[in-house]
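Chemist: After the structure tokens below, expect a handful of questions from me.
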Amino acid sequence: MSVVDRQEWDVVVVGAGGAGLRAAIEARERGARTAVICKSLFGKAHTVMAEGGIAAAMGNVNSGDNWQVHFRDTMRGGKFLNQWRMAELHAQEAPQRVWELETWGALFDRTKDGRISQRNFGGHEYPRLAHVGDRTGLELIRTLQQKIVALQQEDFRETGDYESRLKVFQECTVTRVLKDGEKASGVFGYERETGRFFVLEAPAVVIATGGIGKSFKVTSNSWEYTGDGHALALLAGAPLLNMEFVQFHPTGMVWPPSVKGILVTESVRGDGGVLRNSEGKRFMFDYVPDVFKEKYAQSEDEADRWYDDPDHNRRPPELLPRDEVARAINAEVKAGRGSPHGGVFLDVSTRMPAEVIKRRLPSMYHQFKELADVDITAEPMEVGPTCHYVMGGIAVDSDSAAARGVPGLFAAGEVAGGMHGSNRLGGNSLSDLLVFGRRAGWHAAEYASGTGAGRPRVDDAQVDTAAAEALRPFSAEGGEQADGPPENPYTLHQELQQTMNDLVGIIRREHEMEQALQKLAELRARARRAGVEGHRQFNPGWHLALDLRNMLLVSECVARAALERTESRGGHTREDHATMDRAWRNVNLLCALTDPTGGLAATDAVRGQITLTRETTEPVRPDLLALFEKDELVKYLAEEELYE
Amino acid sequence: MNSYEARFKVWRGDVDGGGLEDFRVEVNDGEVVLDIIHRLQATQAPDLAVRWNCKAGKCGSCSAEINGRPRLLCMTRMSVFDREETITVTPLRAFPVIRDLVTDVGFNYTKARQVPAFVPPAGVGPGEYRMNQEDVDRSQEFRKCIECFLCQDTCHVVRDHEENKPAFAGPRFLMRVAELDMHPLDAADESGLDRKRTAQDEHGLGYCNITKCCTEVCPEGIKITDNALIPLKERAADRKYDPLVWLGDKIRRRS
């Protein structure tokens, strides 16, 4: 079998976005020798795409804000399905995490009195998002990247080696988490540049790989978002939580076709932009659901007054949580009131002067000008829903970010489930990355130091199996079983994206999801024959063939869980079960691998690879429930939950 | 849908050599060069290597040279070219080729490590930082940098002069020095670190003769030369003895 390079580390972090880098910084600062592995170049992670800001109740712009209000907003946004302890920790710790970035060199936009400025966003009661224009994600990733470099400079001064305690393995892909019995023992992966395999042995592995959007055709996500971490956890025996909840961001570009799906930041609405249909009507007033009736303006006048006088007016309905706005846009287009290219109009040009738009929304101005020949200071944008974020993810312990079922495995950021319930509020993602990235790094370091001499061992047989699995696409052509011709991985990927987009998309129906599961089974069988040309050196066809395994696994989780949950809540909308059902409020759906021995060939569409189980959530702690009015709680909670 | 067939020449090869390969490929309305490269991958050359991520001009991964000019593949629309024109796509010239359009940009990561990090001011805790917007504006402009390294690629100091690389950090990292130097709370001075001096002595600021090529290719429109490099030169050297500073002043006054 192939000779594989092996190295020993204390903590291995898979993923170098906000969560992964924050975890690595924490682990290294707590004394663990830490390796970070990322598919792209260091500093290019998908976090750079985040535009609007980091939600943190610092109260710099409205002193009425505090963690309790932020907690309430987060639970409302997630329709009370959130793992409440995560929402609590997140709201409490987010301000510290933002302030700490300043001590590492971040430069946020300022208030008049020199503090960090905060902007309005959907679902947030007060201006809460720390931001840098509309490029907040770039500031976050660059600050964390530069902090890593700062730590490496420290290590260089002490040891003469920049990478003695903290090393980034860039352009590398992990294909398996290795195990010693029940415990994590390291990771197996390949260098994209050379195609060489490697093993990093480590008692603690932090998964921070982000999301799954590349399984959908219209998405704001980059090529990296192939659900790698979700699949790695599943294959290692850790369950995924509530995978049916996928966020379709209401405002993606819809034209030209080649940019369809690219994000248009929510800041456009937070700063005053409005949504109109083809008749020029601000339609969002017609779509305020009952649970939010008291919180949103009923008239355009009141909504417009809110920007200057938020204490005496209610917020505009354009700032409802994303799931509500996405459904509303979908409904308008379906009713024939859409824009020429199948979206609706998002307009700032009539709302503020051109120079203000260019200052506050520079990237959006640039993006539309360059890619669509649209001057947003003079005309409206056309926008429509785009697959943006997965709320579901690896089931974790709220405090330690430890994955369930696999000691030594941790998860943070988008790949972890629970924090956002059924729908994430804008701005809560970047704060999530920092709060739980830090916690994952902290507990991974602690766990690793506790293993001492009893470090888990890497099993040679697992390494050989992983290597064989990774090489499979090269021998697919004329393979041993002549059960069909070799398949083009690009074609398979396109069919998968079309399937998920059409059949498990923003509005879901039972028969369509059943159809999707059939199609996924067919694709799974064909993916066994995905073949590649050329050699192992920087070969994107090969990389995609390997990523297909992950996308197929994750897509099945989404489809199966979505079929099971017979209600509509947050990022899961069923046409055949159109309302929220309080009986589902305390139900989590867990996805696990049906055949943990790794029989991925399972082609039986009824059974598939994934087994679902239901689990009752832990009741919300009474002092947290007490932060809400009873009138509001009755809309979400079942009778017996209310009177406990 | 208004489509046509375009002619492309794409450099294919690796460290041992290579050359331009001809392709004929479909182009649709509104597409960018990266879309065409992806179509080549999906239909004609599955192992064609290219770096990309966000496809929205935010991550700076898909840098290459189109008809000899350093550009982001994802932000170059096909409509800027004549339909009859053959479009030539080659890897960044200033860095060693790995494969096809992918180059080894390690030079930049090495240089990044050589710039001392932000020095937090003593006695100012998290949450206590106070800065005015007008005081952070300048550094914020430089922090718009997406690290596409087009400026590093185009800069004539290193573009065809491998021998200058050890001594020259390049526009991106000289701008990083300027950014930290202009940060209102950076306490480098107090810690005994003179950033202006290091720009001159350690990062090769003197090699820059302000031809503004870096500014021209910057996809973020950062005025690297005018706002970062020239002010840094002014701060670094005694104006009387640096003819370039004098010249820079002249040029800026004219524009």
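Quick note on naming: the chains in the structure tokens go A, B, ... in the order shown, residues restart at 1 in each chain, and ligands are numbered from 1 in order of appearance.
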Env of Ala237 (chain B): 10 Å cut, atoms = only C-alpha atoms, seq-sep filter 6 positions within chain, self excluded. Answer as JSON, numbers by chain.
Modeler: {"B": [196, 197, 200, 206, 245]}
Chemist: If we count only C-alpha atoms, what is near Glu21 (chain B) at a cut-off of 7 Å, once residues fewer than 2 positions away on the same chain are taken out, given as a CSV table (one decimal) with C-alpha atoms, in the first residue's frame?
Modeler:
chain,number,residue,atom,x,y,z
B,9,LYS,CA,-5.8,29.9,-25.7
B,10,VAL,CA,-5.1,28.5,-22.3
B,11,TRP,CA,-1.7,27.8,-20.9
B,12,ARG,CA,-1.4,24.2,-19.8
B,19,GLY,CA,2.3,25.8,-23.8
B,23,PHE,CA,-10.1,25.7,-27.4
Chemist: Can you measure CA of Thr499 (chain A) to CA of Ala559 (chain A) for me? One decimal in Å is fine.
Modeler: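 It comes out at 10.4 Å.
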Chemist: Using only C-alpha atoms, which residues sit within 12 Å of region 334-336 of chain A once same-chain residues fewer than 3 positions away are excluded, as a VMD selection string?
Modeler: chain A and resid 277 to 279 283 327 to 331 339 to 344 384 507
Chemist: Kindly indicate which residue among A:Ala561, A:Leu107, A:Ala527, A:Ala461 lies nearest to Pro184 (chain B), using only C-alpha atoms for the distances.
Modeler: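 Smallest distance to Pro184 (chain B) is found for A:Leu107.
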Chemist: Just asking: which residues within region 149-201 of chain B are helix (DSSP H, G or I) according to DSSP, as JSON, numbers by chain?
Modeler: {"B": [150, 151, 152, 153, 154, 156, 157, 158, 159, 162, 163, 164, 165, 166, 167, 171, 172, 173, 174, 175, 176, 177, 178, 179, 180, 181, 189, 190, 191, 195, 196, 197, 198, 199, 200, 201]}
Chemist: Only N, CA and C atoms, please: the residues just picked out, written as an mmCIF file, in the first residue's frame.
Modeler:
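Once everything was written out, this is result_11.cif:
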data_model
loop_
_atom_site.group_PDB
_atom_site.id
_atom_site.type_symbol
_atom_site.label_atom_id
_atom_site.label_comp_id
_atom_site.auth_asym_id
_atom_site.auth_seq_id
_atom_site.Cartn_x
_atom_site.Cartn_y
_atom_site.Cartn_z
ATOM 1 N N LEU B 150 -2.373 40.402 -7.401
ATOM 2 C CA LEU B 150 -2.169 40.947 -8.747
ATOM 3 C C LEU B 150 -1.117 42.049 -8.713
ATOM 4 N N CYS B 151 -1.116 42.837 -7.619
ATOM 5 C CA CYS B 151 -0.128 43.922 -7.519
ATOM 6 C C CYS B 151 1.282 43.349 -7.398
ATOM 7 N N GLN B 152 1.377 42.230 -6.671
ATOM 8 C CA GLN B 152 2.685 41.588 -6.509
ATOM 9 C C GLN B 152 3.166 41.033 -7.855
ATOM 10 N N ASP B 153 2.187 40.573 -8.644
ATOM 11 C CA ASP B 153 2.491 39.961 -9.940
ATOM 12 C C ASP B 153 2.947 40.999 -10.961
ATOM 13 N N THR B 154 2.309 42.163 -10.906
ATOM 14 C CA THR B 154 2.566 43.152 -11.951
ATOM 15 C C THR B 154 3.771 44.023 -11.645
ATOM 16 N N HIS B 156 7.030 45.621 -11.412
ATOM 17 C CA HIS B 156 8.210 45.333 -12.229
ATOM 18 C C HIS B 156 9.452 45.056 -11.401
ATOM 19 N N VAL B 157 9.407 45.422 -10.112
ATOM 20 C CA VAL B 157 10.583 45.150 -9.274
ATOM 21 C C VAL B 157 10.836 43.642 -9.169
ATOM 22 N N VAL B 158 9.758 42.874 -9.142
ATOM 23 C CA VAL B 158 9.948 41.422 -9.058
ATOM 24 C C VAL B 158 9.451 40.655 -10.277
ATOM 25 N N ARG B 159 8.632 41.307 -11.124
ATOM 26 C CA ARG B 159 7.998 40.563 -12.221
ATOM 27 C C ARG B 159 9.009 39.796 -13.082
ATOM 28 N N GLU B 162 13.680 37.937 -10.388
ATOM 29 C CA GLU B 162 13.662 36.980 -9.297
ATOM 30 C C GLU B 162 14.656 37.394 -8.199
ATOM 31 N N GLU B 163 15.778 38.002 -8.634
ATOM 32 C CA GLU B 163 16.850 38.333 -7.689
ATOM 33 C C GLU B 163 16.429 39.402 -6.681
ATOM 34 N N ASN B 164 15.371 40.155 -7.005
ATOM 35 C CA ASN B 164 14.927 41.194 -6.068
ATOM 36 C C ASN B 164 13.986 40.665 -4.985
ATOM 37 N N LYS B 165 13.493 39.454 -5.183
ATOM 38 C CA LYS B 165 12.468 38.950 -4.268
ATOM 39 C C LYS B 165 12.885 38.905 -2.791
ATOM 40 N N PRO B 166 14.106 38.434 -2.495
ATOM 41 C CA PRO B 166 14.439 38.361 -1.060
ATOM 42 C C PRO B 166 14.379 39.715 -0.359
ATOM 43 N N ALA B 167 14.714 40.785 -1.076
ATOM 44 C CA ALA B 167 14.827 42.088 -0.425
ATOM 45 C C ALA B 167 13.573 42.951 -0.533
ATOM 46 N N PRO B 171 4.194 45.512 -3.224
ATOM 47 C CA PRO B 171 3.222 46.535 -2.849
ATOM 48 C C PRO B 171 2.239 46.076 -1.759
ATOM 49 N N ARG B 172 1.777 44.823 -1.851
ATOM 50 C CA ARG B 172 0.784 44.373 -0.880
ATOM 51 C C ARG B 172 1.324 44.476 0.556
ATOM 52 N N PHE B 173 2.569 44.082 0.748
ATOM 53 C CA PHE B 173 3.049 44.031 2.126
ATOM 54 C C PHE B 173 3.696 45.333 2.574
ATOM 55 N N LEU B 174 4.131 46.150 1.618
ATOM 56 C CA LEU B 174 4.514 47.513 2.002
ATOM 57 C C LEU B 174 3.255 48.267 2.439
ATOM 58 N N MET B 175 2.153 47.985 1.744
ATOM 59 C CA MET B 175 0.886 48.610 2.124
ATOM 60 C C MET B 175 0.445 48.131 3.516
ATOM 61 N N ARG B 176 0.748 46.881 3.840
ATOM 62 C CA ARG B 176 0.442 46.350 5.174
ATOM 63 C C ARG B 176 1.241 47.121 6.234
ATOM 64 N N VAL B 177 2.495 47.410 5.930
ATOM 65 C CA VAL B 177 3.299 48.194 6.868
ATOM 66 C C VAL B 177 2.658 49.580 7.040
ATOM 67 N N ALA B 178 2.261 50.171 5.911
ATOM 68 C CA ALA B 178 1.623 51.495 5.974
ATOM 69 C C ALA B 178 0.338 51.435 6.793
ATOM 70 N N GLU B 179 -0.429 50.382 6.591
ATOM 71 C CA GLU B 179 -1.694 50.221 7.311
ATOM 72 C C GLU B 179 -1.456 50.203 8.825
ATOM 73 N N LEU B 180 -0.460 49.447 9.251
ATOM 74 C CA LEU B 180 -0.176 49.360 10.681
ATOM 75 C C LEU B 180 0.400 50.676 11.183
ATOM 76 N N ASP B 181 1.221 51.297 10.358
ATOM 77 C CA ASP B 181 1.831 52.562 10.747
ATOM 78 C C ASP B 181 0.773 53.651 10.925
ATOM 79 N N ASP B 189 5.799 51.931 18.102
ATOM 80 C CA ASP B 189 6.815 52.886 18.552
ATOM 81 C C ASP B 189 7.210 52.647 20.005
ATOM 82 N N GLU B 190 6.170 52.518 20.850
ATOM 83 C CA GLU B 190 6.406 52.317 22.275
ATOM 84 C C GLU B 190 7.185 51.035 22.551
ATOM 85 N N SER B 191 7.028 50.056 21.649
ATOM 86 C CA SER B 191 7.734 48.790 21.873
ATOM 87 C C SER B 191 9.119 48.797 21.218
ATOM 88 N N ARG B 195 8.278 51.290 12.369
ATOM 89 C CA ARG B 195 7.739 50.653 11.157
ATOM 90 C C ARG B 195 8.242 51.341 9.886
ATOM 91 N N LYS B 196 8.388 52.668 9.953
ATOM 92 C CA LYS B 196 8.859 53.397 8.766
ATOM 93 C C LYS B 196 10.262 52.951 8.394
ATOM 94 N N ARG B 197 11.086 52.823 9.418
ATOM 95 C CA ARG B 197 12.462 52.382 9.174
ATOM 96 C C ARG B 197 12.493 50.987 8.548
ATOM 97 N N THR B 198 11.667 50.079 9.132
ATOM 98 C CA THR B 198 11.707 48.704 8.630
ATOM 99 C C THR B 198 11.211 48.657 7.187
ATOM 100 N N ALA B 199 10.267 49.544 6.849
ATOM 101 C CA ALA B 199 9.777 49.557 5.468
ATOM 102 C C ALA B 199 10.942 49.805 4.529
ATOM 103 N N GLN B 200 11.793 50.731 4.917
ATOM 104 C CA GLN B 200 12.942 51.099 4.102
ATOM 105 C C GLN B 200 14.039 50.043 4.174
ATOM 106 N N ASP B 201 14.390 49.643 5.393
ATOM 107 C CA ASP B 201 15.574 48.806 5.594
ATOM 108 C C ASP B 201 15.306 47.323 5.368
#
Chemist: Could you list, as a compact mmCIF listing (two decimals) with C-alpha atoms, in the first residue's frame, every residue within 12 Å of Asp16 (chain B), counting only C-alpha atoms and ignoring same-chain residues fewer than 6 positions away?
Modeler:
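Final file, selection-v8.txt:
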# COMPACT_ATOMS: atom_id res chain seq x y z
CA PRO B 96 6.40 29.65 -10.22
CA VAL B 97 3.83 27.52 -12.03
CA ILE B 98 2.42 24.49 -10.25
CA ARG B 99 0.01 23.37 -12.92
CA ASP B 100 -1.94 25.11 -15.69
Chemist: Counting only C-alpha atoms, which of A:Glu163, A:Val199, A:Arg192, A:Gly229 gets nearest to Val102 (chain B)?
Modeler: A:Arg192
Chemist: Just how far from CA of Tyr126 (chain A) is CA of Thr386 (chain A), in Å to one decimal?
Modeler: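 Taking CA of Thr386 (chain A) as the start and CA of Tyr126 (chain A) as the end point, the length is 26.1 Å.
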Chemist: Please identify all polymer residues within 7 Å of Pro257 (chain A), counting only C-alpha atoms, omitting same-chain residues fewer than 3 positions from it, and present them as a PyMOL selection string.
Modeler: (chain A and resi 254+260) or (chain B and resi 30)
Chemist: With only C-alpha atoms as the atoms that count, which of B:Leu101, B:Met131, B:Val15, B:Ile87 lies nearest to chain A?
Modeler: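 Nearest candidate to chain A out of B:Leu101, B:Met131, B:Val15, B:Ile87: B:Met131.
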Chemist: How many Å separate CA of Arg71 (chain B) from CA of Pro219 (chain B)?
Modeler: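 Interatomic distance here is 7.6 Å.
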Chemist: Could you tell me which of B:Arg93, B:Arg69, B:Arg235, B:Lys58 comes closest to Gly137 (chain A) if we count only C-alpha atoms?
Modeler: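 Comparing B:Arg93, B:Arg69, B:Arg235, B:Lys58 against Gly137 (chain A), the winner is B:Lys58.
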Chemist: Excluding region 288-293 of chain A and its own-chain neighbours fewer than 4 positions away, which residues fall within 12 Å of it when counting only C-alpha atoms? Please give them as JSON, numbers by chain.
Modeler: {"A": [73, 76, 77, 79, 80, 123, 125, 283, 284, 297, 298, 299, 314, 315, 316, 317, 318, 319, 320, 321, 323, 324, 325, 327, 328, 569, 570, 579, 580, 631, 632, 633, 634, 635, 636]}
Chemist: For Leu425 (chain A), which of A:Leu129, A:Ala467, A:Ala448, A:Leu101 is the closest residue, counting only C-alpha atoms?
Modeler: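 Using only C-alpha atoms, the shortest distance to Leu425 (chain A) belongs to A:Leu129.
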Chemist: Contacts of region 85-99 of chain A at 10 Å or less, counting only C-alpha atoms, minus same-chain residues fewer than 3 places along, as number ranges by chain?
Modeler: A: 22, 54-59, 66-75, 78, 82, 102-104, 106, 108, 116, 130, 140, 396-399, 401, 417-421, 428, 430-436, 438, 618, 620-621, 624; B: 125-129
